[in-house]
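So this one's model_14.txt, compact mmCIF, C-alpha atoms and all ligand atoms:
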# COMPACT_ATOMS: atom_id res chain seq x y z
CA MET A 754 -19.61 -18.76 -12.72
CA LEU A 755 -16.65 -17.90 -10.51
CA ARG A 756 -18.13 -14.48 -9.84
CA ARG A 757 -21.46 -15.91 -8.73
CA THR A 758 -19.76 -18.43 -6.44
CA LEU A 759 -17.58 -15.83 -4.77
CA ALA A 760 -20.42 -13.40 -4.30
CA ALA A 761 -22.59 -16.07 -2.72
CA VAL A 762 -19.88 -17.09 -0.30
CA PHE A 763 -18.42 -13.74 0.61
CA ILE A 764 -21.15 -11.08 0.70
CA PRO A 765 -23.56 -11.73 3.56
CA LEU A 766 -25.82 -8.66 3.58
CA ALA A 767 -25.78 -8.44 7.36
CA ALA A 768 -22.01 -7.95 7.35
CA LEU A 769 -22.20 -5.17 4.76
CA ALA A 770 -24.91 -3.40 6.72
CA GLN A 771 -22.65 -3.34 9.79
CA SER A 772 -19.92 -1.39 8.01
CA PRO A 773 -19.49 1.97 9.71
CA THR A 774 -19.28 5.20 7.76
CA PRO A 775 -15.73 5.71 6.45
CA ALA A 776 -13.59 7.90 8.68
CA PRO A 777 -11.81 10.96 7.32
CA GLN A 778 -8.52 10.19 5.61
CA MET A 779 -5.52 10.78 7.85
CA ALA A 780 -2.70 12.86 6.40
CA LYS A 781 -0.15 10.37 7.62
CA PRO A 782 -0.42 7.85 10.42
CA ALA A 783 1.31 9.31 13.44
CA ASP A 784 2.80 6.05 14.63
CA ALA A 785 3.68 4.73 11.19
CA ASP A 786 7.21 3.68 12.00
CA LYS A 787 6.79 2.79 15.64
CA THR A 788 8.38 -0.48 16.41
CA PRO A 789 6.79 -2.61 19.11
CA ALA A 790 8.84 -2.87 22.29
CA SER A 791 9.61 -6.47 21.41
CA GLY A 792 9.78 -8.33 18.14
CA PRO A 793 10.65 -7.33 14.59
CA LYS A 794 9.43 -4.24 12.77
CA ILE A 795 6.03 -4.79 11.15
CA SER A 796 4.87 -1.33 9.95
CA TYR A 797 6.46 0.62 7.10
CA SER A 798 5.70 4.06 5.69
CA GLN A 799 8.97 4.04 3.70
CA CYS A 800 12.09 1.91 3.55
CA HIS A 801 15.79 2.59 3.92
CA VAL A 802 17.45 1.15 0.83
CA ASP A 803 20.88 1.41 -0.79
CA GLY A 804 19.52 1.69 -4.33
CA MET A 805 16.86 3.78 -6.09
CA GLN A 806 13.98 1.40 -5.40
CA ILE A 807 10.46 2.75 -4.85
CA ALA A 808 7.05 1.10 -4.45
CA PHE A 809 4.12 2.59 -6.32
CA THR A 810 0.78 1.56 -4.80
CA PHE A 811 -2.78 1.69 -6.09
CA ASP A 812 -5.65 1.37 -3.63
CA ASP A 813 -9.36 0.59 -3.47
CA GLY A 814 -9.74 -1.42 -6.71
CA PRO A 815 -9.90 -3.42 -8.81
CA HIS A 816 -11.90 -1.05 -11.03
CA ALA A 817 -13.61 -2.31 -14.20
CA THR A 818 -11.93 0.04 -16.66
CA ASN A 819 -9.26 2.06 -14.85
CA THR A 820 -7.31 -0.92 -13.51
CA PRO A 821 -6.94 -2.70 -16.89
CA ARG A 822 -5.87 0.60 -18.45
CA LEU A 823 -3.25 1.05 -15.73
CA LEU A 824 -2.03 -2.53 -16.18
CA ASP A 825 -1.44 -1.79 -19.87
CA MET A 826 0.70 1.25 -18.93
CA LEU A 827 2.76 -0.78 -16.45
CA LYS A 828 3.25 -3.61 -18.94
CA GLU A 829 4.36 -1.21 -21.66
CA ARG A 830 7.16 0.01 -19.37
CA GLY A 831 8.01 -3.32 -17.77
CA ILE A 832 7.50 -1.91 -14.26
CA LYS A 833 5.92 -3.41 -11.15
CA ALA A 834 3.34 -1.99 -8.74
CA THR A 835 1.34 -3.10 -5.72
CA PHE A 836 -2.45 -3.16 -5.60
CA TYR A 837 -4.20 -2.79 -2.23
CA CYS A 838 -7.50 -4.31 -3.19
CA VAL A 839 -10.83 -4.13 -1.42
CA GLY A 840 -12.18 -7.66 -0.95
CA GLN A 841 -15.65 -6.95 -2.25
CA CYS A 842 -14.16 -5.49 -5.46
CA VAL A 843 -12.01 -8.60 -5.93
CA ALA A 844 -15.22 -10.65 -5.61
CA GLU A 845 -16.77 -8.47 -8.33
CA TYR A 846 -13.76 -8.49 -10.67
CA PRO A 847 -11.78 -11.68 -9.97
CA GLU A 848 -10.46 -11.76 -13.52
CA ILE A 849 -8.79 -8.35 -13.08
CA ALA A 850 -7.28 -9.48 -9.77
CA LYS A 851 -5.90 -12.53 -11.57
CA ARG A 852 -4.41 -10.33 -14.29
CA ILE A 853 -2.64 -8.21 -11.65
CA VAL A 854 -0.87 -11.32 -10.36
CA ASP A 855 -0.27 -12.87 -13.79
CA GLU A 856 1.56 -9.73 -14.90
CA GLY A 857 3.95 -9.83 -11.95
CA HIS A 858 2.47 -7.24 -9.63
CA GLU A 859 1.76 -7.66 -5.94
CA ILE A 860 -1.85 -7.98 -4.86
CA ALA A 861 -2.49 -7.23 -1.23
CA SER A 862 -5.29 -6.68 1.25
CA HIS A 863 -7.05 -3.39 1.95
CA SER A 864 -9.94 -4.92 3.98
CA TRP A 865 -13.28 -6.22 2.72
CA SER A 866 -15.43 -3.07 2.65
CA HIS A 867 -13.01 -0.23 3.54
CA PRO A 868 -14.21 0.65 7.06
CA ASN A 869 -12.33 2.50 9.77
CA LEU A 870 -11.04 -0.57 11.62
CA ILE A 871 -9.95 1.11 14.86
CA PRO A 872 -13.33 1.11 16.69
CA MET A 873 -14.41 -2.28 15.35
CA SER A 874 -14.67 -5.41 17.48
CA GLU A 875 -11.96 -8.02 17.16
CA ALA A 876 -14.48 -10.36 15.51
CA ASN A 877 -15.41 -7.78 12.87
CA VAL A 878 -11.76 -6.92 12.14
CA ARG A 879 -11.04 -10.61 11.77
CA ASP A 880 -13.99 -10.92 9.37
CA GLN A 881 -12.71 -7.99 7.27
CA LEU A 882 -9.24 -9.50 6.97
CA GLU A 883 -10.18 -13.15 6.64
CA ARG A 884 -12.71 -12.71 3.86
CA THR A 885 -10.33 -10.50 1.88
CA HIS A 886 -7.44 -12.92 2.37
CA GLN A 887 -9.59 -15.80 1.10
CA VAL A 888 -11.15 -14.01 -1.88
CA ILE A 889 -7.72 -12.90 -3.11
CA LYS A 890 -6.40 -16.43 -2.70
CA GLN A 891 -9.37 -17.89 -4.59
CA ALA A 892 -9.25 -15.35 -7.42
CA THR A 893 -5.49 -15.32 -7.96
CA GLY A 894 -3.97 -18.41 -6.35
CA VAL A 895 -1.67 -16.31 -4.17
CA GLU A 896 -2.01 -15.19 -0.58
CA PRO A 897 -1.47 -11.52 0.23
CA LYS A 898 1.70 -10.75 2.19
CA THR A 899 1.00 -7.16 3.18
CA PHE A 900 -1.99 -5.23 4.48
CA ARG A 901 -2.88 -1.57 4.22
CA PRO A 902 -5.55 -0.45 6.70
CA PRO A 903 -8.14 1.94 5.23
CA TYR A 904 -7.19 5.55 6.11
CA GLY A 905 -4.04 4.13 7.73
CA ASN A 906 -6.17 3.48 10.82
CA PHE A 907 -4.96 0.42 12.71
CA THR A 908 -3.90 0.22 16.36
CA GLN A 909 -0.62 -1.33 17.41
CA ARG A 910 -2.56 -4.19 18.95
CA GLN A 911 -4.43 -4.77 15.67
CA ARG A 912 -1.13 -4.63 13.75
CA ASN A 913 0.42 -7.23 16.01
CA TRP A 914 -2.62 -9.45 15.63
CA ALA A 915 -2.67 -9.18 11.81
CA ASN A 916 1.06 -9.92 11.71
CA ALA A 917 0.70 -12.95 13.98
CA MET A 918 -2.38 -14.30 12.20
CA TYR A 919 -1.42 -13.77 8.53
CA GLY A 920 2.24 -12.79 8.60
CA TYR A 921 1.19 -9.40 7.20
CA LYS A 922 3.55 -6.46 7.18
CA ILE A 923 1.55 -3.25 7.57
CA ALA A 924 2.22 -1.03 4.54
CA LEU A 925 1.55 2.69 4.92
CA TRP A 926 3.08 5.45 2.77
CA ASP A 927 5.33 8.50 2.77
CA VAL A 928 4.16 10.12 -0.47
CA ASP A 929 0.47 11.02 -0.28
CA THR A 930 -0.80 12.31 -3.62
CA LEU A 931 -4.29 13.09 -2.21
CA ASP A 932 -5.52 12.06 -5.65
CA TRP A 933 -8.91 11.01 -4.24
CA LYS A 934 -9.47 14.56 -2.99
CA HIS A 935 -8.28 16.76 -5.84
CA ARG A 936 -8.94 14.51 -8.86
CA ASN A 937 -6.33 16.49 -10.77
CA SER A 938 -3.82 14.68 -12.99
CA ALA A 939 -1.25 17.47 -13.09
CA ARG A 940 -1.26 17.67 -9.30
CA VAL A 941 -0.77 13.90 -8.89
CA GLU A 942 2.25 14.07 -11.19
CA ALA A 943 3.72 17.17 -9.52
CA VAL A 944 3.37 15.88 -5.95
CA THR A 945 4.78 12.47 -6.84
CA LEU A 946 7.81 13.91 -8.61
CA ALA A 947 8.48 16.44 -5.85
CA GLU A 948 8.19 14.03 -2.91
CA THR A 949 9.44 10.65 -4.11
CA ARG A 950 12.79 9.56 -2.65
CA ALA A 951 14.65 6.27 -2.77
CA GLY A 952 12.67 3.88 -0.56
CA SER A 953 9.39 5.78 -0.92
CA ILE A 954 5.97 4.16 -0.83
CA ILE A 955 3.63 6.24 -3.01
CA LEU A 956 -0.11 6.25 -2.34
CA THR A 957 -2.59 6.60 -5.21
CA HIS A 958 -5.97 5.10 -6.13
CA ASP A 959 -6.65 3.22 -9.36
CA ILE A 960 -10.41 3.83 -9.09
CA HIS A 961 -9.99 7.43 -10.33
CA LYS A 962 -9.58 8.17 -14.03
CA SER A 963 -7.68 11.38 -13.24
CA THR A 964 -5.04 9.32 -11.43
CA ILE A 965 -4.60 6.88 -14.32
CA ASP A 966 -4.38 9.83 -16.76
CA ALA A 967 -1.39 11.09 -14.76
CA MET A 968 0.52 7.82 -14.82
CA PRO A 969 2.27 7.72 -18.22
CA ALA A 970 4.05 11.04 -17.61
CA THR A 971 4.65 10.25 -13.91
CA PHE A 972 6.13 6.82 -14.62
CA ASP A 973 8.33 8.13 -17.42
CA ALA A 974 9.66 11.01 -15.31
CA LEU A 975 10.48 8.70 -12.37
CA LEU A 976 12.22 6.26 -14.72
CA ALA A 977 14.21 9.15 -16.21
CA LYS A 978 15.35 10.08 -12.69
CA GLY A 979 16.68 6.55 -12.27
CA PHE A 980 14.07 5.13 -9.89
CA LYS A 981 13.48 1.36 -9.93
CA PHE A 982 9.91 0.16 -9.47
CA VAL A 983 9.56 -2.78 -7.09
CA THR A 984 6.65 -4.23 -5.15
CA VAL A 985 6.04 -3.32 -1.50
CA SER A 986 7.15 -6.78 -0.36
CA GLU A 987 10.34 -6.44 -2.38
CA LEU A 988 10.99 -2.99 -0.94
CA ILE A 989 10.46 -4.22 2.62
CA ALA A 990 12.88 -7.10 1.96
CA LEU A 991 15.51 -4.49 0.99
CA ASP A 992 14.90 -2.38 4.12
CA LYS A 993 17.96 -1.80 6.25
CA PRO A 994 17.68 -0.82 9.89
CA MET A 995 18.90 2.70 10.56
CA LEU A 996 22.28 2.60 12.26
CA PRO A 997 22.60 4.64 15.44
CA LYS A 998 24.41 7.94 14.90
CA PRO A 999 28.11 7.64 15.76
CA LYS A 1000 29.05 9.28 19.03
CA SER A 1001 31.58 12.08 18.81
CA THR A 1002 35.00 10.89 19.90
CA PRO A 1003 36.69 12.82 22.71
CA GLU A 1004 40.03 12.82 20.80
CA VAL A 1005 38.64 15.10 18.07
CA ALA A 1006 38.42 18.76 18.99
CA PRO A 1007 34.94 20.24 18.33
CA LYS A 1008 36.36 22.90 15.97
CA ALA A 1009 38.13 20.33 13.81
CA ALA A 1010 35.07 18.10 13.74
CA ALA A 1011 32.87 20.96 12.63
CA THR A 1012 35.01 21.83 9.63
CA LYS A 1013 35.58 18.26 8.52
CA PRO A 1014 32.78 16.86 6.37
CA THR A 1015 31.80 13.33 7.30
CA ALA A 1016 29.79 10.64 5.62
CA ALA A 1017 27.32 10.73 8.50
CA ASN A 1018 26.05 14.13 7.40
NI NI B 1 -8.39 3.05 0.63
Encoding of this model in structure tokens:
Amino acid sequence: MLRRTLAAVFIPLAALAQSPTPAPQMAKPADADKTPASGPKISYSQCHVDGMQIAFTFDDGPHATNTPRLLDMLKERGIKATFYCVGQCVAEYPEIAKRIVDEGHEIASHSWSHPNLIPMSEANVRDQLERTHQVIKQATGVEPKTFRPPYGNFTQRQRNWANAMYGYKIALWDVDTLDWKHRNSARVEAVTLAETRAGSIILTHDIHKSTIDAMPATFDALLAKGFKFVTVSELIALDKPMLPKPKSTPEVAPKAAATKPTAAN
């Protein structure tokens, strides 16, 4: 019943037909950490934290079988993740979206139909974000707090608008497993373990079986290294602004300074 209602309200065929062909995936958004000239920081590709916190993210779902399987793995280990869901998939699987929230994970917006948002009109971008915001709210009872643009493609102006309209922080990533491209479990595990640092945001996709197959070993290895799994919103809340590098003091001779190890290094 719920499914039929949501589909009727949220999938006008004309809107789907307008969706442009997906753009190629960017390796990493070039302006990921740019802070607008005024106002607080709204985009994050990683965070600066004191502890060992990381945010594991799963995009493009929910998926009928892979997402529930992943949720079982997370539950077994008592760890939290963030799901960047596509609105039309939430409309198709509202019960899985609800389970994500009920089990303590963060559910967040990844647009309605996964287009490249950059060339789209303001009205169409608004439509992509608004419908996804509402379908997540209806399916789960919570409103998304963060947004991940498909392919990381979102102009600064669009970021500012999304932040002003929904309070969204824009969540990008610093560890890109390229799982969608290689579909290789061993590679997903190896890249994640090699590149994850405290404060990392790890990008994977829960629509691929090969990714889910990699997760038990990947999770267990990260836990063994001492990493703490938190949601993206929790990680952003822990973010500390980078302090400016201390200027060298004229009293200290360059030779002495060079041989003396400092905390700054
Ligand atoms: Ni995506």
Which one is closest to Pro847 (chain A): A:Asn877, A:Gln891, A:Thr835, A:Thr820? Count only C-alpha atoms.
A:Gln891
Counting all atoms listed in the file, which residues of chain A fall within 10 Å of ligand NI 1 (chain B), and what is the closest atom pair for each with its distance in Å at one decimal, ordered by chain and rising number, as a tab-separated table?
residue	atom	partner	partner_atom	distance
A:Pro775	CA	B:NI1	NI	9.7
A:Gln778	CA	B:NI1	NI	8.7
A:Phe811	CA	B:NI1	NI	8.9
A:Asp812	CA	B:NI1	NI	5.3
A:Asp813	CA	B:NI1	NI	4.9
A:Gly814	CA	B:NI1	NI	8.7
A:Tyr837	CA	B:NI1	NI	7.7
A:Cys838	CA	B:NI1	NI	8.3
A:Val839	CA	B:NI1	NI	7.9
A:His863	CA	B:NI1	NI	6.7
A:Ser864	CA	B:NI1	NI	8.8
A:Ser866	CA	B:NI1	NI	9.5
A:His867	CA	B:NI1	NI	6.4
A:Pro868	CA	B:NI1	NI	9.0
A:Asn869	CA	B:NI1	NI	10.0
A:Arg901	CA	B:NI1	NI	8.0
A:Pro902	CA	B:NI1	NI	7.6
A:Pro903	CA	B:NI1	NI	4.7
A:Tyr904	CA	B:NI1	NI	6.1
A:Gly905	CA	B:NI1	NI	8.4
A:Trp933	CA	B:NI1	NI	9.3
A:Leu956	CA	B:NI1	NI	9.4
A:Thr957	CA	B:NI1	NI	9.0
A:His958	CA	B:NI1	NI	7.5
A:Ile960	CA	B:NI1	NI	10.0
Under the rule that all atoms listed in the file are counted, which of A:Ile849, A:Thr949, A:Thr893, A:Asp855 is the nearest residue to Thr818 (chain A)?
A:Ile849
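The residue that comes closest to Ile955 (chain A), out of A:Ile807, A:Leu988, A:Val802, A:Leu827 and on the basis of all atoms listed in the file, is A:Ile807.
When CA of Ile795 (chain A) is paired with CA of His886 (chain A), their separation reads 18.0 Å.
Every polymer residue reaching to within 7 Å of (3.1, 8.3, -8.3), counting only C-alpha atoms, appears in this list: A:Phe809, A:Val941, A:Glu942, A:Thr945, A:Ile955, A:Thr957, A:Thr971.
Distances from A:His858, A:Arg879, A:His935, A:Lys922 to Thr899 (chain A) were compared using only C-alpha atoms, and the smallest one belongs to A:Lys922.
Counting from CA of Asn819 (chain A), the distance to CA of Met805 (chain A) is 27.6 Å.
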Interatomic distance (Å, one decimal) between CA of Leu946 (chain A) and CA of Ala967 (chain A)
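Answer for the CA of Leu946 (chain A) to CA of Ala967 (chain A) separation: 11.4 Å.
Nearest to Glu845 (chain A) of all the residues A:Lys794, A:Arg830, A:Lys898, A:His816 is A:His816, based on only C-alpha atoms.
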Step by step: start from the point (-3.3, 5.4, -14.3) in the file's coordinates, keep every protein, DNA or RNA residue that has an atom no farther than 8 Å from it, count all atoms listed in the file, and write the set as a list in words.
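Residues close enough to count: Asn819, Thr820, Arg822, Leu823, Met826, Asp959, Lys962, Ser963, Thr964, Ile965, Asp966, Ala967, Met968 and Pro969 of chain A.
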Which of these, A:Gln799, A:Ala951, A:Leu991, A:His961, has the shortest distance to Asn937 (chain A) once you count all atoms listed in the file?
A:His961
